[in-house]
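The next block holds one structure in the form of C-alpha cells; read it before the comments.
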Amino acid sequence: MTTADTVPAPAQRRRDASGVGQWGPPLALAALLVTAAYLGNAALGQRSFLLPQPHQVLEKLWDPTSAPEIWTALWRTTVVSLTGLAIAIVIGVTWAIIMNQARWAERALFPYAVMLQAIPILAITPLIGFWFGYDFTARVVVCVIIALFPMVSNTLFGLQSVDKSMRELFMLQGPSRSTVLAKLSMPAAMPAIFAGMRISAGLAVVGAIVGEFFFQRGTPGLGSLINKYSARLLSEELFASVLVASLLGVAIFLIFGWLGKRAVGKWYDFG
Amino acid sequence: MSTAPTTERASLLSFRDVAMAFPDGTVALHSVDLTVRRGEFVSVVGPSGCGKSTLLRIASGLENATEGDVGLATDRIGYVFQDPTLLPWRTTRRNVELLAELHGEGRTRRTASAQEAIDLVGLKGFEEHLPRQLSGGMRMRASLARSLTLNPEVFLFDEPFGALDEITRQRLNDELIRLFHEKQFAGLFITHSVAEAVYLSTRVVVMSGRPGTLVAEYDVPFDVPRDPEVRFSAEFAELVGTISHALREAH
Ligand SMILES: Nc1ncnc2c1ncn2[C@@H]1O[C@H](COP(=O)(O)OP(=O)(O)O)[C@@H](O)[C@H]1O
Ligand SMILES: [Mg+2]
C-alpha cells in the first residue's frame, strides 16, 4: 500500500530567538535608561542619593560590606519562592482536578479560588504572622496565597480543554476515571499547567519578598533587606537589592518557560 | 466474490423503530429501521443535521435511543470520527496502541497488533512521528489503524474523509474497500458524497431531513474488491444520479 500523501514540513519556528533583531531593541533601551540614570544623578545635585549612579549600585554587589548580605538574602528568597511555588503547584493542581470531577464540585470550589485571588494580601499579613510565626513558614504562606490562583485556573482550563470526540473515544472503551485523567486530561492540560507555573513562579517571588518585608525573624531575605535599606536611606544598597530581586523574578520566569518548552514543546507551541 | 445474498449472513447491528428526542426537545430521528449484516457495508447519505451522527452515537452506545430497540451482536466496535482524534503528545505507534492499552492488554501484544495495523494502512516508517508531523490523510490512516487494533466486527464511520482532498480521499476509499474485503466486518458509513457512498458500499440508504428517517435504499451491484475504474462506468453514474435525485427529494 502506498503512502504518497505529502508530509508537511516541520512547523516553522516562530523567530530566531538569538538573532540581533530579538536582543537589539531591549539592549538599546537599557543603554538609554543607564544614560538617563547618570544624567538624572548629575541633575539631582545634593539629592543625588535618590538616583545613584548605576556603577555605584553594581559595586554594592561585590563590596564586602554589603555583598555577603545581599547574596545570602538572594538565596533565602529563592528558597522561600521555590518552596511556596512547589506547594502552590501541588495544591492548585489538586484543587483543579477535584473541580474537574463534577460540575457541582466546580461550582462549590471555584468561588473560593477567585476569593483567594481577591484577598488583599497586605490586609491579611498580620493574621498570617499571628498564626504561623514571623519567619520562614509565614513567608511561604504569603507566597502560596499569591501564587495559587493561576495554578488553579490554568489547570482547570487545561483539563477542560479536552476535545469532546477525544473524550468519547475514551468513553467507548469504558475506562475508569483515573485512567481518563492519567492518559487524557492531564497530558492535555500540561501546556496550560506549565503556562500557569510560569505565571505563578513570578508571583511566588513577589510573595516571598512581601513576606520577608513583614516577617523579619530568621535569616533576612531580599524583602527584609529592602525594608532595612529603605529605612536607613542606603539608596545604593536599596537599588542593588531591588535589582537582584528583579533579576530573580526574570530568571525564575525564564527557567519555567524553558521547562515548559522541554516538557511539551515537542507537540505544543509553548511560547 | 460478488455481493453475496445478504439474508444468510448474521445481523450484527440492527435498529428497530428507533427514535431519538434530545432533552431540549429536538427530535433527531424517528422510526428508523436498519439492519447491517456481517460482510455488508452500508452508507448513509442525508441532509446535514438530519441525525446521521446521532444514529452512529446510538449504535455505539454513546447515546441511548428514546424509543425502539438497538441490537448489537458484538462488543468489538470500531468508531472512526470526523477528525482523526489522535493524542498530539503520542507518536503514531503509541496512538495506535491506545485502545488496546485501555483494554488492559500487555505491552507485547499491543505492540504487535499496532504494528500490524500500521503496516495495513501504509504508515510503516512513520511509527515514531507525532500527529503534527503527519499530513491530514496520514492522520486519518493512523485513526483507522487505531480502530483496526480492536479487530472490529461492527465498524462505524462518521464522515471520516470529509476534510480530505479528492485524491487522498479516493486513495483512502480504495484502502477501506480492501480492508473491508479482508476483514468482512459490518460497516456503517456516513458521508455527504453520494459518489463515495456508491463506490464504497454494498448498500446505500437515504435519510430524510430532520427528524431523520430512512426513505430509500439501493443495493450496489458492483463486485468487492472494487475496480477503481467502476467509477467511470455508465452504471455507476446512473446509480449516483438516482440516489442524488432521491436525496434532493428527501430535503
Ligand atoms: N446533545 C444534543 N442535544 C440537542 N440537540 C442535539 C444534540 N446532538 C445533536 N442534536 C441535534 O440533532 C440533530 C441531528 O444531529 P446530528 O446527528 O449531528 O446530524 P448530522 O450528523 O446528520 O449532521 C441536529 O439538529 C442537532 O443540532
Ligand atoms: Mg454529523
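Order determines the names: the first chain of the C-alpha cells is A, the second B, and so forth; residues in each chain are numbered 1 upward, and ligands are numbered 1 upward as they are shown.
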
Close residues to ligand 1 using only C-alpha atoms and all ligand atoms, limit 12 Å, as JSON, numbers by chain: {"A": [164], "B": [19, 20, 21, 22, 23, 24, 25, 26, 27, 28, 29, 30, 44, 45, 46, 47, 48, 49, 50, 51, 52, 53, 54, 55, 56, 57, 58, 59, 62, 63, 64, 65, 81, 82, 157, 158, 159, 160, 189, 190, 191, 192, 206, 207, 208, 209, 210, 211, 212, 213, 251]}

Chain A contacts on chain B, only C-alpha atoms, 10 Å, as an MDAnalysis selection string: chainID B and resid 57 60:62 75:91 98:104 119:125 130:138 141 167:168 171 175

Could those selected residues go to a file with N, CA and C atoms, as a short mmCIF file (atom, residue, chain, number, x, y, z; two decimals), in the first residue's frame?
data_model
loop_
_atom_site.label_atom_id
_atom_site.label_comp_id
_atom_site.auth_asym_id
_atom_site.auth_seq_id
_atom_site.Cartn_x
_atom_site.Cartn_y
_atom_site.Cartn_z
N ARG B 57 -23.98 7.40 17.08
CA ARG B 57 -23.77 7.53 18.52
C ARG B 57 -24.68 6.55 19.26
N SER B 60 -23.25 2.99 18.90
CA SER B 60 -22.06 2.73 19.71
C SER B 60 -22.34 2.78 21.20
N GLY B 61 -23.55 3.25 21.57
CA GLY B 61 -23.87 3.33 22.99
C GLY B 61 -23.47 4.66 23.62
N LEU B 62 -22.94 5.59 22.82
CA LEU B 62 -22.63 6.91 23.37
C LEU B 62 -23.90 7.65 23.76
N ASP B 75 -19.18 -6.88 20.93
CA ASP B 75 -18.67 -5.73 21.67
C ASP B 75 -17.40 -5.19 21.01
N ARG B 76 -17.08 -5.75 19.86
CA ARG B 76 -15.91 -5.22 19.14
C ARG B 76 -16.38 -4.19 18.10
N ILE B 77 -16.41 -2.93 18.55
CA ILE B 77 -16.92 -1.87 17.69
C ILE B 77 -15.81 -0.89 17.36
N GLY B 78 -15.64 -0.64 16.08
CA GLY B 78 -14.70 0.40 15.68
C GLY B 78 -15.49 1.68 15.41
N TYR B 79 -14.92 2.82 15.79
CA TYR B 79 -15.63 4.08 15.59
C TYR B 79 -14.61 5.08 15.07
N VAL B 80 -14.80 5.51 13.84
CA VAL B 80 -13.87 6.49 13.28
C VAL B 80 -14.60 7.83 13.19
N PHE B 81 -14.06 8.81 13.90
CA PHE B 81 -14.71 10.11 13.97
C PHE B 81 -14.34 10.96 12.75
N GLN B 82 -15.05 12.08 12.66
CA GLN B 82 -14.80 13.01 11.57
C GLN B 82 -13.36 13.55 11.61
N ASP B 83 -12.87 13.88 12.82
CA ASP B 83 -11.45 14.24 12.91
C ASP B 83 -10.69 13.03 13.40
N PRO B 84 -9.39 13.01 13.12
CA PRO B 84 -8.62 11.81 13.47
C PRO B 84 -8.55 11.56 14.98
N THR B 85 -8.82 12.56 15.81
CA THR B 85 -8.77 12.44 17.27
C THR B 85 -7.53 11.69 17.77
N LEU B 86 -6.38 12.07 17.24
CA LEU B 86 -5.13 11.48 17.75
C LEU B 86 -4.66 12.31 18.94
N LEU B 87 -4.04 11.65 19.89
CA LEU B 87 -3.47 12.39 21.03
C LEU B 87 -2.18 13.06 20.54
N PRO B 88 -2.12 14.39 20.58
CA PRO B 88 -0.99 15.08 19.95
C PRO B 88 0.35 14.81 20.61
N TRP B 89 0.34 14.33 21.85
CA TRP B 89 1.60 14.08 22.54
C TRP B 89 2.11 12.66 22.32
N ARG B 90 1.32 11.85 21.61
CA ARG B 90 1.74 10.48 21.38
C ARG B 90 2.20 10.28 19.94
N THR B 91 3.18 9.44 19.76
CA THR B 91 3.62 9.10 18.41
C THR B 91 2.55 8.26 17.73
N LEU B 98 -3.29 2.82 21.65
CA LEU B 98 -4.11 3.35 22.75
C LEU B 98 -5.27 2.45 23.17
N LEU B 99 -6.06 2.00 22.20
CA LEU B 99 -7.28 1.26 22.57
C LEU B 99 -6.94 -0.05 23.27
N ALA B 100 -5.95 -0.75 22.73
CA ALA B 100 -5.53 -2.00 23.38
C ALA B 100 -5.04 -1.71 24.79
N GLU B 101 -4.35 -0.58 24.93
CA GLU B 101 -3.85 -0.17 26.24
C GLU B 101 -5.02 0.05 27.20
N LEU B 102 -6.07 0.73 26.70
CA LEU B 102 -7.22 1.00 27.55
C LEU B 102 -7.96 -0.29 27.91
N HIS B 103 -7.80 -1.30 27.06
CA HIS B 103 -8.45 -2.58 27.37
C HIS B 103 -7.54 -3.47 28.19
N GLY B 104 -6.42 -2.90 28.64
CA GLY B 104 -5.55 -3.62 29.55
C GLY B 104 -4.70 -4.71 28.92
N ASP B 119 1.10 -1.28 9.46
CA ASP B 119 1.51 -1.79 8.15
C ASP B 119 0.32 -1.84 7.20
N LEU B 120 -0.82 -2.26 7.75
CA LEU B 120 -2.02 -2.44 6.94
C LEU B 120 -2.50 -1.13 6.32
N VAL B 121 -2.37 -0.03 7.04
CA VAL B 121 -2.84 1.25 6.50
C VAL B 121 -1.73 2.02 5.79
N GLY B 122 -0.55 1.39 5.70
CA GLY B 122 0.54 2.03 4.94
C GLY B 122 1.26 3.14 5.68
N LEU B 123 1.37 3.00 6.99
CA LEU B 123 2.09 4.03 7.74
C LEU B 123 3.46 3.54 8.22
N LYS B 124 3.90 2.43 7.64
CA LYS B 124 5.23 1.92 8.01
C LYS B 124 6.26 3.01 7.78
N GLY B 125 7.14 3.19 8.74
CA GLY B 125 8.16 4.23 8.62
C GLY B 125 7.76 5.52 9.30
N LEU B 130 5.04 12.31 15.36
CA LEU B 130 3.91 12.85 16.11
C LEU B 130 2.83 13.28 15.13
N PRO B 131 1.56 13.33 15.57
CA PRO B 131 0.48 13.72 14.66
C PRO B 131 0.75 15.00 13.88
N ARG B 132 1.36 15.99 14.54
CA ARG B 132 1.60 17.26 13.85
C ARG B 132 2.59 17.10 12.69
N GLN B 133 3.33 16.01 12.69
CA GLN B 133 4.28 15.79 11.60
C GLN B 133 3.67 14.98 10.46
N LEU B 134 2.39 14.64 10.59
CA LEU B 134 1.73 13.85 9.55
C LEU B 134 0.78 14.73 8.74
N SER B 135 0.53 14.34 7.52
CA SER B 135 -0.46 15.05 6.71
C SER B 135 -1.86 14.62 7.14
N GLY B 136 -2.87 15.36 6.67
CA GLY B 136 -4.25 15.03 7.04
C GLY B 136 -4.61 13.59 6.69
N GLY B 137 -4.21 13.14 5.52
CA GLY B 137 -4.52 11.78 5.09
C GLY B 137 -3.85 10.75 5.98
N MET B 138 -2.61 11.04 6.35
CA MET B 138 -1.88 10.09 7.19
C MET B 138 -2.47 10.05 8.60
N ARG B 141 -5.32 7.81 8.41
CA ARG B 141 -4.86 6.41 8.37
C ARG B 141 -4.53 5.93 9.76
N ILE B 167 -8.04 13.47 -4.12
CA ILE B 167 -7.13 12.37 -4.44
C ILE B 167 -6.90 11.50 -3.21
N THR B 168 -6.62 12.14 -2.09
CA THR B 168 -6.37 11.41 -0.86
C THR B 168 -7.61 10.62 -0.45
N ARG B 171 -7.93 7.55 -2.56
CA ARG B 171 -6.95 6.53 -2.18
C ARG B 171 -7.41 5.83 -0.90
N GLU B 175 -8.44 1.84 -0.05
CA GLU B 175 -7.85 1.05 1.03
C GLU B 175 -8.92 0.54 1.99
#

Picked from region 78-214 of chain B by DSSP as alpha helix (DSSP H), as a ChimeraX atom specification: /B:92-102,107-120,136-148,166-183,194-200

Distance in Å - CA of Leu82 (chain A) versus CA of Gly211 (chain A):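 Answer for the CA of Leu82 (chain A) to CA of Gly211 (chain A) separation: 13.5 Å.
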
Selection near Glu105 (chain B), 12 Å with only C-alpha atoms, sequence-local residues under 6 positions removed, as a list in words: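 Counting only the stated atoms, we get Glu97, Leu98, Leu99, Thr111, Ala112, Ser113, Ala114, Thr149 and Leu150 of chain B.
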
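In this comparison, which uses only C-alpha atoms and all ligand atoms, the residue of B:Thr35, B:Ser11, B:Ile177, B:Gly162 approaching ligand 2 most closely is B:Gly162.
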
Polymer residues at most 12 Å from Arg231 (chain B), only C-alpha atoms, same-chain spacing of 5 or more positions, as an MDAnalysis selection string: chainID B and resid 170 173:174 194:200 222 226 236:240

Shell around Leu238 (chain A) at 12 Å using only C-alpha atoms, local window under 4 positions removed, as a list in words: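 The residues that qualify are Phe49, Leu50, Leu51, Pro52, Gln56, Val57, Leu58, Lys60, Leu61, Ser66, Ile70, Leu222, Gly223, Ser224, Leu225, Ile226, Asn227, Lys228, Tyr229, Ser230, Ala231, Arg232, Leu233, Leu234, Val242, Leu243, Val244 and Ala245 of chain A.
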
Separation of CA of Ala102 (chain A) from CA of Phe270 (chain A), in Å and rounded to one decimal: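 Computed distance, CA of Ala102 (chain A) to CA of Phe270 (chain A), equals 28.9 Å.
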
Backbone DSSP call of strand (DSSP E) for region 4-185 of chain B, listed as a PyMOL selection string: chain B and resi 11-21+27-37+41-45+67-72+77-80+154-158
